[in-house]
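The next block holds one structure in the form of structure tokens; read it before the comments.
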Amino acid sequence: MAILSPSQIHQVLKEEAKATALRTQGAAINLSELLEKHTLTADDALESLNSNMRFGDSSSIRQRAVETALKLNGLLDSENAKPDFHVTINILDSEFQGMNPILLPR
């Protein structure tokens, strides 16, 4: 086995990186072509969702389609739907004025 110089190693690594990038790009192109061939594009999926929402076999299918559509529109977001909740405690009794409220007996 021959010993490679650093410049040869660099050249081999560069060629391998190019080959990997081409394979990845080719896979992405092939995947998008396959999705389009089998009518799995975003437009087709939304059309199917619309069909399920309007003409689903059962009410649970229609309800799930409506929930999905609302989530896609950002109208049904579980994190944003939580109410903003703050608790404020005001001690109005003059007997405890000047005391730290944490030290009050409970």
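The way I read the labels, and the way they are meant: chains A, B, ... in the order of the structure tokens, residue 1 as the first residue of every chain, and ligand 1 as the first ligand shown, with later ones counted on from there.
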
Checklist line | Who sits within 12 Å of A:Leu46, only C-alpha atoms, same chain under 4 positions skipped, as a list in words | finding: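 That gives Thr39, Leu40, Thr41, Ala42, Asn50, Ser51, Asn52, Met53, Ala65, Val66, Thr68, Ala69 and Leu72 of chain A.
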
Check: What is the distance between atom CA of A:Asn30 and atom CA of A:Glu16, in Å to one decimal?
Finding: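 Value for the atom CA of A:Asn30-atom CA of A:Glu16 distance: 20.8 Å.
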
Item checked: Point-to-point distance from atom CA of A:Ile61 to atom CA of A:Leu49, Å rounded to tenths ->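 Answer for the atom CA of A:Ile61 to atom CA of A:Leu49 separation: 10.1 Å.
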
Check: Can you list every residue in stretch 39-70 of chain A that DSSP puts in helix (DSSP H, G or I), as a list in words?
Finding: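 Answer for stretch 39-70 of chain A restricted to helix (DSSP H, G or I) is Ala42, Asp43, Asp44, Ala45, Leu46, Glu47, Ser48, Leu49, Asn50, Ser51, Asn52, Met53, Arg54, Phe55, Ser59, Ser60, Ile61, Arg62, Gln63, Arg64, Ala65, Val66, Glu67, Thr68, Ala69 and Leu70 of chain A.
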
Residue selection dump (N, CA and C atoms) as an mmCIF file, in the first residue's frame:
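New file selection_39.cif:
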data_model
loop_
_atom_site.group_PDB
_atom_site.id
_atom_site.type_symbol
_atom_site.label_atom_id
_atom_site.label_comp_id
_atom_site.auth_asym_id
_atom_site.auth_seq_id
_atom_site.Cartn_x
_atom_site.Cartn_y
_atom_site.Cartn_z
ATOM 1 N N ALA A 42 -48.150 19.077 -2.197
ATOM 2 C CA ALA A 42 -48.876 19.846 -1.177
ATOM 3 C C ALA A 42 -50.273 20.211 -1.663
ATOM 4 N N ASP A 43 -50.399 20.572 -2.924
ATOM 5 C CA ASP A 43 -51.698 20.938 -3.478
ATOM 6 C C ASP A 43 -52.660 19.754 -3.455
ATOM 7 N N ASP A 44 -52.167 18.580 -3.812
ATOM 8 C CA ASP A 44 -53.006 17.384 -3.800
ATOM 9 C C ASP A 44 -53.403 16.993 -2.383
ATOM 10 N N ALA A 45 -52.472 17.142 -1.445
ATOM 11 C CA ALA A 45 -52.783 16.811 -0.053
ATOM 12 C C ALA A 45 -53.845 17.749 0.510
ATOM 13 N N LEU A 46 -53.743 19.036 0.169
ATOM 14 C CA LEU A 46 -54.749 19.992 0.646
ATOM 15 C C LEU A 46 -56.103 19.732 -0.013
ATOM 16 N N GLU A 47 -56.099 19.307 -1.246
ATOM 17 C CA GLU A 47 -57.356 18.976 -1.926
ATOM 18 C C GLU A 47 -58.022 17.772 -1.259
ATOM 19 N N SER A 48 -57.206 16.795 -0.883
ATOM 20 C CA SER A 48 -57.733 15.625 -0.181
ATOM 21 C C SER A 48 -58.263 16.009 1.198
ATOM 22 N N LEU A 49 -57.557 16.893 1.884
ATOM 23 C CA LEU A 49 -58.015 17.377 3.184
ATOM 24 C C LEU A 49 -59.354 18.089 3.048
ATOM 25 N N ASN A 50 -59.492 18.902 2.012
ATOM 26 C CA ASN A 50 -60.746 19.596 1.750
ATOM 27 C C ASN A 50 -61.870 18.596 1.501
ATOM 28 N N SER A 51 -61.581 17.568 0.722
ATOM 29 C CA SER A 51 -62.581 16.543 0.432
ATOM 30 C C SER A 51 -63.012 15.813 1.702
ATOM 31 N N ASN A 52 -62.037 15.465 2.554
ATOM 32 C CA ASN A 52 -62.367 14.795 3.818
ATOM 33 C C ASN A 52 -63.159 15.697 4.740
ATOM 34 N N MET A 53 -62.847 16.985 4.733
ATOM 35 C CA MET A 53 -63.543 17.925 5.606
ATOM 36 C C MET A 53 -65.005 18.065 5.182
ATOM 37 N N ARG A 54 -65.261 18.055 3.908
ATOM 38 C CA ARG A 54 -66.631 18.268 3.423
ATOM 39 C C ARG A 54 -67.436 16.983 3.289
ATOM 40 N N PHE A 55 -66.800 15.895 2.868
ATOM 41 C CA PHE A 55 -67.547 14.690 2.529
ATOM 42 C C PHE A 55 -67.024 13.446 3.233
ATOM 43 N N SER A 59 -68.421 11.646 11.186
ATOM 44 C CA SER A 59 -68.225 12.980 11.759
ATOM 45 C C SER A 59 -66.838 13.115 12.380
ATOM 46 N N SER A 60 -66.266 12.001 12.874
ATOM 47 C CA SER A 60 -64.934 12.090 13.470
ATOM 48 C C SER A 60 -63.876 12.383 12.406
ATOM 49 N N ILE A 61 -64.039 11.842 11.201
ATOM 50 C CA ILE A 61 -63.104 12.136 10.107
ATOM 51 C C ILE A 61 -63.217 13.598 9.707
ATOM 52 N N ARG A 62 -64.448 14.090 9.593
ATOM 53 C CA ARG A 62 -64.652 15.495 9.231
ATOM 54 C C ARG A 62 -64.096 16.417 10.302
ATOM 55 N N GLN A 63 -64.307 16.077 11.578
ATOM 56 C CA GLN A 63 -63.799 16.892 12.693
ATOM 57 C C GLN A 63 -62.284 16.936 12.683
ATOM 58 N N ARG A 64 -61.649 15.801 12.447
ATOM 59 C CA ARG A 64 -60.184 15.747 12.412
ATOM 60 C C ARG A 64 -59.634 16.567 11.253
ATOM 61 N N ALA A 65 -60.321 16.547 10.117
ATOM 62 C CA ALA A 65 -59.894 17.341 8.968
ATOM 63 C C ALA A 65 -60.019 18.830 9.269
ATOM 64 N N VAL A 66 -61.069 19.217 9.964
ATOM 65 C CA VAL A 66 -61.243 20.623 10.343
ATOM 66 C C VAL A 66 -60.130 21.042 11.307
ATOM 67 N N GLU A 67 -59.814 20.200 12.290
ATOM 68 C CA GLU A 67 -58.731 20.513 13.231
ATOM 69 C C GLU A 67 -57.400 20.673 12.501
ATOM 70 N N THR A 68 -57.131 19.793 11.556
ATOM 71 C CA THR A 68 -55.886 19.885 10.790
ATOM 72 C C THR A 68 -55.838 21.178 9.992
ATOM 73 N N ALA A 69 -56.951 21.547 9.371
ATOM 74 C CA ALA A 69 -56.996 22.794 8.593
ATOM 75 C C ALA A 69 -56.780 24.001 9.501
ATOM 76 N N LEU A 70 -57.381 23.987 10.691
ATOM 77 C CA LEU A 70 -57.188 25.094 11.626
ATOM 78 C C LEU A 70 -55.741 25.180 12.106
#
